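Asks: Handing you a structure now.
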Amino acid sequence: MKKFDVYQNIEGNNLKQLLLFVGKYSNKMSFARYYEGKLTEEEFNQLQMEYKESILEEDKKNRLHYKENVNGYRDRINNFCRTDMNVEEYAEKYFNHLLEQDIMSCNLNYERFEKGKYEPYKRTSTDFLYVKYTRRTPVTRGPVFEMCFFMVGETYRKLLLNMNKLFEYPYQIEGGEFEDLTFYKEERLLLAICSHERYAYMNLEDDEYQEFLKLDILSDLTER
């Protein structure tokens, strides 16, 4: 598996080639927007639990990557250590501090979702699949997002016609404004775009990666 970041705001024919490539291998795609509509208490508690579990899983992964120095992760953190500190103690304090901050971000009041301010997505597109409410998209954390999933069909074809740059924002979906465009092959993420932060990342199997390289649409690839 090849995982790499994309910071190049590609456009024109290169963008079309990228979208055709991920469309070829994907069977679904998603968009997201901040959600301030109504949630049942059960829905709210479920997304809170999932968010906390994702924070704990990320903390576990980061500590493992530090231990194994994945892509120089340990070296980068140790470079910030003061000379009078033990690097292992510094790393422990660093990860504990990040975890504490993330756990604090779990705090969210249900009252703001008890009545809700606006209607959820209308769900009229023929290629629409389902909606998921979450506090974390593939590229963003926040209060609550409404993630709308579609088959790679008519909505995808409209993207090919109307999308001009990789970091375009927002996407107009049936009158609503969305962001965080993501393509999937089953549950594997192929391409996720965070337009307002101007970065994206891809996860490709080795054969897909070799085919992607032949397109020659990116001048620089930063492996994760």
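The chains in the structure tokens are called A, B, ... from first to last as shown; in each chain the residues are counted from 1, and the ligands are counted from 1 in the order shown.
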Counting only C-alpha atoms, what are the residues of segment 28-87 of chain A within 12 Å of segment 192-214 of chain A, and for each of them which pair of atoms is the nearest and at what distance in Å, to one decimal? Sort the table by chain and rising number, as CSV.
Replies:
residue,atom,partner,partner_atom,distance
A:Met29,CA,A:Ala192,CA,9.6
A:Ser30,CA,A:Ala192,CA,9.3
A:Phe31,CA,A:Ile193,CA,9.8
A:Ala32,CA,A:Cys194,CA,10.5
A:Arg33,CA,A:Cys194,CA,11.9
Asks: With N, CA and C atoms retained, export the selected residues as a PDB file, in the first residue's frame.
Replies:
ATOM      1  N   MET A  29     -18.383   7.769  -3.045  1.00  0.00           N
ATOM      2  CA  MET A  29     -17.727   9.023  -2.715  1.00  0.00           C
ATOM      3  C   MET A  29     -18.553   9.727  -1.652  1.00  0.00           C
ATOM      4  N   SER A  30     -17.939  10.682  -0.967  1.00  0.00           N
ATOM      5  CA  SER A  30     -18.672  11.397   0.083  1.00  0.00           C
ATOM      6  C   SER A  30     -18.295  12.866   0.091  1.00  0.00           C
ATOM      7  N   PHE A  31     -19.236  13.679   0.585  1.00  0.00           N
ATOM      8  CA  PHE A  31     -19.030  15.094   0.865  1.00  0.00           C
ATOM      9  C   PHE A  31     -19.452  15.327   2.317  1.00  0.00           C
ATOM     10  N   ALA A  32     -19.012  16.429   2.896  1.00  0.00           N
ATOM     11  CA  ALA A  32     -19.384  16.724   4.286  1.00  0.00           C
ATOM     12  C   ALA A  32     -19.685  18.203   4.452  1.00  0.00           C
ATOM     13  N   ARG A  33     -20.484  18.516   5.474  1.00  0.00           N
ATOM     14  CA  ARG A  33     -20.731  19.900   5.863  1.00  0.00           C
ATOM     15  C   ARG A  33     -21.013  19.925   7.360  1.00  0.00           C
TER      16      ARG A  33
END
Asks: Which residues are close to Cys81 of chain A, i.e. within 12 Å by only C-alpha atoms, leaving aside same-chain residues fewer than 4 positions away? Reply as a list in words.
Replies: Arg74, Asp75, Arg76, Ile77, Met85, Asn86, Val87, Glu88, Glu89, Tyr90, Ala91, Glu92, Lys93 and Tyr94 of chain A
Asks: Would you kindly return, as a list in words, each protein, DNA or RNA residue with an atom no farther than 12 Å from any atom of Lys28 of chain A, considering only C-alpha atoms and excluding same-chain residues fewer than 3 positions away?
Replies: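 Everything that qualifies: Val22, Gly23, Lys24, Tyr25, Phe31, Asp127, Phe128, Leu129, Tyr130, Cys148, Phe149, Phe150, Met151, Val152, Gly153, Glu154, Thr155, Tyr156, Leu181, Thr182, Phe183, Tyr184, Lys185, Glu186, Glu187, Arg188, Leu189, Leu190 and Leu191 of chain A.
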Asks: Take the residues from that selection and write them out as a JSON list (two decimals), in the first residue's frame, keeping N, CA, C and O atoms.
Replies:
[["chain", "number", "residue", "atom", "x", "y", "z"],
["A", 22, "VAL", "N", -9.43, 8.04, -10.03],
["A", 22, "VAL", "CA", -10.08, 7.60, -8.79],
["A", 22, "VAL", "C", -11.50, 7.10, -9.08],
["A", 22, "VAL", "O", -11.99, 6.19, -8.41],
["A", 23, "GLY", "N", -12.16, 7.69, -10.10],
["A", 23, "GLY", "CA", -13.50, 7.22, -10.46],
["A", 23, "GLY", "C", -13.47, 5.80, -11.00],
["A", 23, "GLY", "O", -14.41, 5.03, -10.78],
["A", 24, "LYS", "N", -12.39, 5.45, -11.67],
["A", 24, "LYS", "CA", -12.24, 4.10, -12.22],
["A", 24, "LYS", "C", -12.18, 3.05, -11.13],
["A", 24, "LYS", "O", -12.74, 1.96, -11.26],
["A", 25, "TYR", "N", -11.51, 3.37, -10.02],
["A", 25, "TYR", "CA", -11.30, 2.38, -8.96],
["A", 25, "TYR", "C", -12.30, 2.51, -7.81],
["A", 25, "TYR", "O", -12.37, 1.62, -6.96],
["A", 31, "PHE", "N", -19.24, 13.68, 0.58],
["A", 31, "PHE", "CA", -19.03, 15.09, 0.87],
["A", 31, "PHE", "C", -19.45, 15.33, 2.32],
["A", 31, "PHE", "O", -20.18, 14.52, 2.89],
["A", 127, "ASP", "N", -28.22, 8.63, -7.17],
["A", 127, "ASP", "CA", -27.01, 7.91, -6.77],
["A", 127, "ASP", "C", -26.70, 8.06, -5.29],
["A", 127, "ASP", "O", -25.66, 7.60, -4.83],
["A", 128, "PHE", "N", -27.61, 8.68, -4.53],
["A", 128, "PHE", "CA", -27.41, 8.84, -3.08],
["A", 128, "PHE", "C", -27.47, 7.49, -2.38],
["A", 128, "PHE", "O", -28.31, 6.64, -2.69],
["A", 129, "LEU", "N", -26.56, 7.29, -1.39],
["A", 129, "LEU", "CA", -26.52, 6.04, -0.64],
["A", 129, "LEU", "C", -27.03, 6.21, 0.79],
["A", 129, "LEU", "O", -28.02, 5.60, 1.18],
["A", 130, "TYR", "N", -26.35, 7.04, 1.59],
["A", 130, "TYR", "CA", -26.74, 7.20, 2.99],
["A", 130, "TYR", "C", -26.06, 8.42, 3.59],
["A", 130, "TYR", "O", -25.12, 8.98, 3.00],
["A", 148, "CYS", "N", -22.46, 12.86, 3.47],
["A", 148, "CYS", "CA", -23.40, 12.29, 2.51],
["A", 148, "CYS", "C", -22.63, 11.42, 1.52],
["A", 148, "CYS", "O", -21.68, 11.89, 0.89],
["A", 149, "PHE", "N", -23.04, 10.17, 1.39],
["A", 149, "PHE", "CA", -22.36, 9.21, 0.54],
["A", 149, "PHE", "C", -23.17, 8.94, -0.73],
["A", 149, "PHE", "O", -24.40, 8.85, -0.68],
["A", 150, "PHE", "N", -22.44, 8.81, -1.85],
["A", 150, "PHE", "CA", -23.06, 8.59, -3.15],
["A", 150, "PHE", "C", -22.33, 7.47, -3.88],
["A", 150, "PHE", "O", -21.13, 7.27, -3.69],
["A", 151, "MET", "N", -23.05, 6.77, -4.73],
["A", 151, "MET", "CA", -22.40, 5.89, -5.68],
["A", 151, "MET", "C", -21.63, 6.77, -6.67],
["A", 151, "MET", "O", -21.94, 7.95, -6.83],
["A", 152, "VAL", "N", -20.62, 6.20, -7.31],
["A", 152, "VAL", "CA", -19.92, 6.93, -8.37],
["A", 152, "VAL", "C", -20.82, 6.90, -9.59],
["A", 152, "VAL", "O", -20.85, 5.93, -10.35],
["A", 153, "GLY", "N", -21.61, 7.97, -9.75],
["A", 153, "GLY", "CA", -22.61, 8.05, -10.80],
["A", 153, "GLY", "C", -22.80, 9.47, -11.28],
["A", 153, "GLY", "O", -21.85, 10.14, -11.67],
["A", 154, "GLU", "N", -24.05, 9.95, -11.23],
["A", 154, "GLU", "CA", -24.37, 11.26, -11.78],
["A", 154, "GLU", "C", -23.66, 12.40, -11.05],
["A", 154, "GLU", "O", -23.17, 13.35, -11.69],
["A", 155, "THR", "N", -23.60, 12.35, -9.73],
["A", 155, "THR", "CA", -22.91, 13.40, -8.97],
["A", 155, "THR", "C", -21.44, 13.44, -9.34],
["A", 155, "THR", "O", -20.85, 14.52, -9.46],
["A", 156, "TYR", "N", -20.84, 12.28, -9.53],
["A", 156, "TYR", "CA", -19.44, 12.20, -9.97],
["A", 156, "TYR", "C", -19.27, 12.82, -11.35],
["A", 156, "TYR", "O", -18.31, 13.58, -11.59],
["A", 181, "LEU", "N", -14.34, 16.33, -0.06],
["A", 181, "LEU", "CA", -14.61, 15.31, -1.06],
["A", 181, "LEU", "C", -13.68, 14.12, -0.86],
["A", 181, "LEU", "O", -12.47, 14.28, -0.76],
["A", 182, "THR", "N", -14.26, 12.91, -0.81],
["A", 182, "THR", "CA", -13.49, 11.69, -0.57],
["A", 182, "THR", "C", -14.00, 10.57, -1.46],
["A", 182, "THR", "O", -15.21, 10.42, -1.64],
["A", 183, "PHE", "N", -13.07, 9.81, -2.02],
["A", 183, "PHE", "CA", -13.41, 8.64, -2.85],
["A", 183, "PHE", "C", -12.99, 7.37, -2.12],
["A", 183, "PHE", "O", -11.94, 7.33, -1.47],
["A", 184, "TYR", "N", -13.80, 6.30, -2.27],
["A", 184, "TYR", "CA", -13.56, 5.03, -1.59],
["A", 184, "TYR", "C", -13.67, 3.86, -2.56],
["A", 184, "TYR", "O", -14.45, 3.88, -3.51],
["A", 185, "LYS", "N", -12.89, 2.82, -2.28],
["A", 185, "LYS", "CA", -13.08, 1.52, -2.90],
["A", 185, "LYS", "C", -13.50, 0.58, -1.78],
["A", 185, "LYS", "O", -12.68, 0.18, -0.96],
["A", 186, "GLU", "N", -14.79, 0.25, -1.73],
["A", 186, "GLU", "CA", -15.39, -0.40, -0.57],
["A", 186, "GLU", "C", -15.13, 0.51, 0.65],
["A", 186, "GLU", "O", -15.53, 1.65, 0.63],
["A", 187, "GLU", "N", -14.41, 0.03, 1.66],
["A", 187, "GLU", "CA", -14.14, 0.88, 2.83],
["A", 187, "GLU", "C", -12.75, 1.51, 2.79],
["A", 187, "GLU", "O", -12.41, 2.31, 3.66],
["A", 188, "ARG", "N", -11.97, 1.18, 1.76],
["A", 188, "ARG", "CA", -10.63, 1.78, 1.66],
["A", 188, "ARG", "C", -10.73, 3.15, 1.02],
["A", 188, "ARG", "O", -11.32, 3.33, -0.04],
["A", 189, "LEU", "N", -10.12, 4.12, 1.65],
["A", 189, "LEU", "CA", -10.08, 5.48, 1.13],
["A", 189, "LEU", "C", -9.01, 5.58, 0.04],
["A", 189, "LEU", "O", -7.87, 5.17, 0.24],
["A", 190, "LEU", "N", -9.39, 6.12, -1.14],
["A", 190, "LEU", "CA", -8.43, 6.30, -2.22],
["A", 190, "LEU", "C", -7.90, 7.73, -2.26],
["A", 190, "LEU", "O", -6.70, 7.94, -2.43],
["A", 191, "LEU", "N", -8.81, 8.70, -2.16],
["A", 191, "LEU", "CA", -8.44, 10.11, -2.24],
["A", 191, "LEU", "C", -9.32, 10.90, -1.29],
["A", 191, "LEU", "O", -10.55, 10.76, -1.33]]
Asks: Compare A:Leu19, A:Leu99, A:Ile217, A:Leu47 by their minimum atom-to-atom distance to Glu146 of chain A, counting only C-alpha atoms, and give me the closest one.
Replies: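 Ranked by minimum distance to Glu146 of chain A, first place goes to A:Leu47.
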Asks: I need the helix (DSSP H, G or I) residues of segment 16-184 of chain A per DSSP on the backbone, written as an NGL selection string.
Replies: :A and (16-25 or 41-68 or 70-78 or 87-104 or 111-114 or 154-162)
